[in-house]
file work-v4.tsv (TSV, C-alpha atoms)
chain	number	residue	atom	x	y	z
A	1	MET	CA	1.78	4.76	34.47
A	2	ALA	CA	1.97	6.17	30.98
A	3	ALA	CA	0.89	9.69	30.15
A	4	ALA	CA	-0.27	8.63	26.71
A	5	GLN	CA	-2.63	5.90	27.81
A	6	GLY	CA	-6.24	6.17	26.68
A	7	ARG	CA	-5.59	7.75	23.29
A	8	LEU	CA	-8.50	9.56	21.67
A	9	SER	CA	-9.74	8.94	18.16
A	10	ASP	CA	-9.51	11.66	15.51
A	11	GLY	CA	-13.26	11.67	14.92
A	12	ALA	CA	-16.12	12.91	17.07
A	13	ASP	CA	-17.80	9.52	17.47
A	14	GLY	CA	-18.14	8.64	21.13
A	15	MET	CA	-17.15	12.13	22.27
A	16	ASP	CA	-18.68	12.71	25.70
A	17	ASP	CA	-20.17	15.94	26.99
A	18	SER	CA	-16.94	17.05	28.65
A	19	LYS	CA	-14.97	16.77	25.40
A	20	GLU	CA	-17.75	18.60	23.56
A	21	GLY	CA	-17.48	21.32	26.18
A	22	ASP	CA	-13.72	21.55	25.67
A	23	ARG	CA	-14.22	22.02	21.95
A	24	ASN	CA	-16.86	24.70	22.49
A	25	ALA	CA	-14.51	26.50	24.89
A	26	ILE	CA	-11.84	26.67	22.20
A	27	GLU	CA	-14.32	27.97	19.63
A	28	THR	CA	-15.29	30.85	21.94
A	29	ALA	CA	-11.71	31.59	23.04
A	30	PRO	CA	-9.78	34.73	21.97
A	31	PRO	CA	-8.48	34.66	18.37
A	32	PRO	CA	-4.76	34.34	19.34
A	33	PHE	CA	-5.49	31.18	21.33
A	34	ARG	CA	-7.64	29.69	18.55
A	35	THR	CA	-4.89	30.37	16.02
A	36	ALA	CA	-2.28	28.77	18.29
A	37	VAL	CA	-4.46	25.70	18.78
A	38	ASP	CA	-5.19	25.40	15.05
A	39	ALA	CA	-1.44	25.26	14.41
A	40	LEU	CA	-1.08	22.41	16.91
A	41	ARG	CA	-3.97	20.51	15.33
A	42	ALA	CA	-2.47	20.86	11.85
A	43	ALA	CA	0.98	19.56	12.83
A	44	ARG	CA	2.16	16.27	11.32
A	45	PRO	CA	4.94	14.63	13.39
A	46	ARG	CA	7.26	11.90	12.17
A	47	PRO	CA	5.53	8.52	11.70
A	48	GLU	CA	6.86	6.93	14.90
A	49	ILE	CA	4.85	9.42	16.98
A	50	GLU	CA	1.19	8.78	17.76
A	51	ILE	CA	-0.39	12.03	18.88
A	52	ASP	CA	-3.93	12.91	19.93
A	53	PRO	CA	-5.81	15.62	21.81
A	54	THR	CA	-6.68	14.98	25.43
A	55	ARG	CA	-8.59	16.79	28.15
A	56	PRO	CA	-6.54	19.77	29.38
A	57	PRO	CA	-6.17	20.86	33.01
A	58	GLN	CA	-8.98	23.15	34.08
A	59	ARG	CA	-7.46	25.51	36.65
A	60	LEU	CA	-4.04	26.52	35.40
A	61	ALA	CA	-5.19	29.25	33.03
A	62	PRO	CA	-8.40	30.68	31.53
A	63	TYR	CA	-7.76	28.74	28.32
A	64	ALA	CA	-5.91	25.46	27.80
A	65	TYR	CA	-5.36	22.82	25.12
A	66	ALA	CA	-3.54	19.52	25.57
A	67	LEU	CA	-1.97	16.80	23.45
A	68	GLU	CA	-0.68	13.38	24.43
A	69	ALA	CA	1.82	11.40	22.40
A	70	ALA	CA	3.72	8.14	22.34
A	71	VAL	CA	6.79	7.08	20.41
A	72	VAL	CA	5.95	3.62	19.08
A	73	ALA	CA	8.27	1.13	17.39
A	74	ASP	CA	7.61	-2.57	16.85
A	75	ASP	CA	4.36	-2.27	18.85
A	76	GLU	CA	6.20	-0.94	21.91
A	77	ASP	CA	5.86	2.44	23.55
A	78	LEU	CA	9.43	3.73	23.86
A	79	ALA	CA	8.43	7.03	25.45
A	80	ASP	CA	5.28	9.00	26.07
A	81	GLY	CA	4.32	12.49	27.08
A	82	ARG	CA	1.82	15.28	27.34
A	83	LEU	CA	2.07	18.86	26.08
A	84	VAL	CA	-0.28	21.56	27.38
A	85	LEU	CA	-0.75	25.04	25.90
A	86	LEU	CA	-1.96	27.61	28.43
A	87	HIS	CA	-3.25	31.11	27.65
A	88	ASP	CA	-4.13	34.03	29.88
A	89	PRO	CA	-5.10	37.08	27.78
A	90	ALA	CA	-4.31	39.37	30.72
A	91	GLY	CA	-0.76	38.03	30.90
A	92	HIS	CA	0.92	36.23	33.78
A	93	ASP	CA	3.77	37.69	35.83
A	94	ALA	CA	5.51	34.34	36.32
A	95	TRP	CA	5.28	33.54	32.61
A	96	GLN	CA	6.36	36.99	31.40
A	97	GLY	CA	3.81	36.55	28.63
A	98	SER	CA	0.28	35.42	27.88
A	99	PHE	CA	1.12	31.88	26.70
A	100	ARG	CA	2.87	29.01	28.47
A	101	LEU	CA	3.81	25.49	27.37
A	102	VAL	CA	3.92	22.74	29.98
A	103	THR	CA	5.18	19.21	29.40
A	104	LEU	CA	5.63	15.82	31.01
A	105	ILE	CA	7.74	13.16	29.26
A	106	ARG	CA	8.52	9.65	30.51
A	107	ALA	CA	10.67	6.80	29.24
A	108	GLU	CA	12.15	3.62	30.68
A	109	LEU	CA	15.91	3.19	30.85
A	110	GLU	CA	18.34	0.39	31.09
A	111	PRO	CA	19.75	0.31	34.67
A	112	GLU	CA	23.29	1.20	33.61
A	113	MET	CA	22.03	4.25	31.74
A	114	ALA	CA	19.95	5.34	34.74
A	115	ALA	CA	23.07	5.20	36.92
A	116	ASP	CA	24.86	7.89	34.88
A	117	PRO	CA	25.26	10.85	37.28
A	118	LEU	CA	25.10	13.34	34.40
A	119	LEU	CA	21.84	12.01	32.97
A	120	PRO	CA	19.54	14.72	34.45
A	121	GLU	CA	21.73	17.53	33.12
A	122	VAL	CA	21.91	15.84	29.72
A	123	CYS	CA	18.13	15.40	29.50
A	124	TRP	CA	17.52	19.03	30.44
A	125	SER	CA	20.01	20.14	27.79
A	126	TRP	CA	18.04	18.11	25.24
A	127	LEU	CA	14.95	20.20	25.98
A	128	THR	CA	16.70	23.54	25.60
A	129	GLY	CA	18.71	22.22	22.67
A	130	ALA	CA	15.58	21.06	20.84
A	131	LEU	CA	14.09	24.56	21.11
A	132	GLN	CA	17.32	26.23	20.04
A	133	ALA	CA	17.78	23.85	17.11
A	134	ARG	CA	14.42	25.02	15.75
A	135	GLY	CA	15.48	28.64	16.15
A	136	LEU	CA	12.74	29.31	18.69
A	137	SER	CA	12.62	32.25	21.04
A	138	TYR	CA	11.41	31.43	24.52
A	139	GLY	CA	11.78	32.56	28.12
A	140	GLU	CA	11.36	31.65	31.77
A	141	PRO	CA	12.19	27.91	31.39
A	142	SER	CA	11.81	25.81	34.52
A	143	GLY	CA	11.43	22.16	35.36
A	144	THR	CA	12.74	18.96	36.89
A	145	VAL	CA	14.38	15.78	35.66
A	146	THR	CA	13.66	12.78	37.88
A	147	ARG	CA	15.12	9.28	37.89
A	148	ALA	CA	13.22	6.49	39.59
A	149	SER	CA	14.15	2.83	40.09
A	150	SER	CA	11.89	-0.06	41.05
A	151	HIS	CA	13.14	-3.31	42.57
A	152	TYR	CA	10.80	-6.24	43.06
A	153	PHE	CA	10.63	-8.71	45.96
A	154	GLY	CA	8.61	-11.63	47.22
A	155	GLY	CA	6.01	-12.75	44.70
A	156	LEU	CA	7.32	-10.17	42.24
A	157	ALA	CA	10.99	-11.12	42.61
A	158	GLU	CA	11.20	-12.57	39.10
A	159	ARG	CA	10.61	-9.17	37.54
A	160	PRO	CA	13.78	-7.36	36.48
A	161	ALA	CA	14.61	-4.03	38.08
A	162	ALA	CA	13.15	-1.10	36.15
A	163	SER	CA	14.35	2.49	35.84
A	164	GLN	CA	12.50	5.48	34.47
A	165	ILE	CA	13.39	9.03	33.51
A	166	GLU	CA	10.79	11.79	33.77
A	167	ILE	CA	11.02	15.37	32.51
A	168	ARG	CA	8.57	17.98	33.79
A	169	ALA	CA	9.11	21.40	32.28
A	170	SER	CA	7.49	24.63	31.21
A	171	TRP	CA	8.54	27.63	29.16
A	172	THR	CA	7.07	30.78	27.63
A	173	PRO	CA	6.95	30.79	23.82
A	174	ARG	CA	7.61	34.29	22.53
A	175	GLU	CA	4.66	35.78	20.69
A	176	GLY	CA	4.85	36.69	17.03
A	177	PRO	CA	2.53	38.65	14.74
A	178	GLY	CA	-0.94	39.10	16.20
A	179	GLY	CA	0.29	38.05	19.62
A	180	VAL	CA	0.47	34.37	18.55
A	181	PRO	CA	3.49	32.14	19.26
A	182	ASP	CA	4.71	29.65	16.66
A	183	THR	CA	3.13	26.68	18.41
A	184	ALA	CA	3.68	24.36	15.45
A	185	ALA	CA	7.45	24.87	15.71
A	186	HIS	CA	7.37	24.41	19.48
A	187	LEU	CA	5.45	21.17	19.00
A	188	ALA	CA	8.05	20.03	16.45
A	189	ALA	CA	10.82	20.73	18.97
A	190	TRP	CA	8.89	18.84	21.64
A	191	CYS	CA	8.55	15.87	19.29
A	192	ASP	CA	12.30	16.03	18.65
A	193	LEU	CA	12.85	15.76	22.41
A	194	LEU	CA	10.36	12.91	22.71
A	195	CYS	CA	12.14	10.92	19.99
A	196	GLN	CA	15.55	11.70	21.46
A	197	ILE	CA	14.63	10.38	24.89
A	198	ALA	CA	13.04	7.34	23.20
A	199	GLY	CA	16.39	6.51	21.60
A	200	LEU	CA	15.40	7.14	17.98
A	201	PRO	CA	18.02	8.50	15.61
A	202	PRO	CA	17.47	12.04	14.25
A	203	VAL	CA	15.49	12.44	11.04
A	204	ASN	CA	18.69	13.72	9.41
A	205	PRO	CA	21.15	10.85	10.03
A	206	GLY	CA	24.07	13.18	9.32
A	207	ASP	CA	23.32	15.36	12.35
A	208	ALA	CA	26.13	14.28	14.68
A	209	SER	CA	25.17	16.97	17.24
A	210	VAL	CA	22.11	14.96	18.30
A	211	VAL	CA	22.85	12.14	20.74
A	212	SER	CA	19.92	9.94	21.79
A	213	LEU	CA	19.55	7.39	24.51
A	214	PRO	CA	20.15	3.85	23.24
A	215	GLN	CA	17.00	2.09	22.09
A	216	ARG	CA	15.60	-0.05	24.85
A	217	ARG	CA	12.54	-1.81	26.22
A	218	GLY	CA	9.58	0.60	26.19
A	219	PRO	CA	7.51	1.50	29.24
A	220	GLN	CA	4.56	-0.57	28.09
A	221	SER	CA	3.91	-3.19	25.42
A	222	ARG	CA	0.84	-2.46	23.34

call {"tool": "encode", "arguments": {"input": "work-v4.tsv", "output": "structure tokens"}}
result
Amino acid sequence: MAAAQGRLSDGADGMDDSKEGDRNAIETAPPPFRTAVDALRAARPRPEIEIDPTRPPQRLAPYAYALEAAVVADDEDLADGRLVLLHDPAGHDAWQGSFRLVTLIRAELEPEMAADPLLPEVCWSWLTGALQARGLSYGEPSGTVTRASSHYFGGLAERPAASQIEIRASWTPREGPGGVPDTAAHLAAWCDLLCQIAGLPPVNPGDASVVSLPQRRGPQSR
């Protein structure tokens, strides 16, 4: 199951009533949230990333905006994910702020890579490292890194074993002028993480501090 399945088009053609309602909700939201969303909409990730808006969760916060993305190379999805921006103008004790970013990222692994006992710690360090590399201030990070393996039997025995890594995480982006966090920079850091877990080299090939997973079969052929 890929988080980035069912990508939306950039235009409004075919937009159903629920998506129209989501857009209207953003237009009537508080100015800090609208500014934060506008920054996400204006972002331009590296060309291997396909990114589109998607319907956000409805009950996590008074205001929410969501993006889904896939890292695509040679018509294969190498990794996919979802990023959700939450906003509660009254603030949230658990967040220690009025904004929160929530993410889910998935990628398939080669079995020998999945067997590395340090893989969860490494993947979590990639998330925090991606934020730090962009010079971002954030707080209250939390999340899980999960490895899952599938082995096939009977009529499915010919399928090779498959392993997947999944990162679920959230953090509070610190607010800047006007009470607005730098969501464009946080999105850029998230895209860095997405490409790293997909096995793509860094944009700056001379950056030896960035170590990615080896390129591998993606979770789904397109």

call {"tool": "residues_near_point", "arguments": {"input": "work-v4.tsv", "point": "(1.1, 16.2, 18.3)", "cutoff": "7 Å", "atoms": "only C-alpha atoms", "output": "PyMOL selection string"}}
result
chain A and resi 40+43+45+51-52+67-69+187

call {"tool": "closest_residue", "arguments": {"input": "work-v4.tsv", "among": "A:Ala115, A:Leu127, A:Val145, A:Leu86", "to": "Ile167 in chain A", "atoms": "all atoms listed in the file"}}
result
A:Val145

call {"tool": "residues_around", "arguments": {"input": "work-v4.tsv", "residues": "range 29-37 of chain A", "least_positions_apart": "4", "cutoff": "8 Å", "atoms": "all atoms listed in the file", "output": "list in words"}}
result
Ala25, Arg41, Tyr63, Tyr65, His87, Pro89, Gly178, Gly179, Val180, Pro181, Asp182, Thr183 and Ala184 of chain A

call {"tool": "closest_residue", "arguments": {"input": "work-v4.tsv", "among": "A:Pro47, A:Gly143, A:Pro173, A:Gly129", "to": "Leu85 in chain A", "atoms": "only C-alpha atoms"}}
result
A:Pro173

call {"tool": "atom_distance", "arguments": {"input": "work-v4.tsv", "atom1": "CA of Leu136 in chain A", "atom2": "CA of Arg174 in chain A"}}
result
8.1 Å

call {"tool": "atom_distance", "arguments": {"input": "work-v4.tsv", "atom1": "CA of Met113 in chain A", "atom2": "CA of His186 in chain A"}}
result
27.8 Å

call {"tool": "closest_residue", "arguments": {"input": "work-v4.tsv", "among": "A:Arg55, A:His151, A:His92, A:Arg46", "to": "Ala189 in chain A", "atoms": "all atoms listed in the file"}}
result
A:Arg46

call {"tool": "atom_distance", "arguments": {"input": "work-v4.tsv", "atom1": "CA of Glu108 in chain A", "atom2": "CA of Asp192 in chain A"}}
result
17.3 Å

call {"tool": "closest_residue", "arguments": {"input": "work-v4.tsv", "among": "A:Leu101, A:Ala64, A:Arg106, A:Ala130", "to": "Pro202 in chain A", "atoms": "all atoms listed in the file"}}
result
A:Ala130
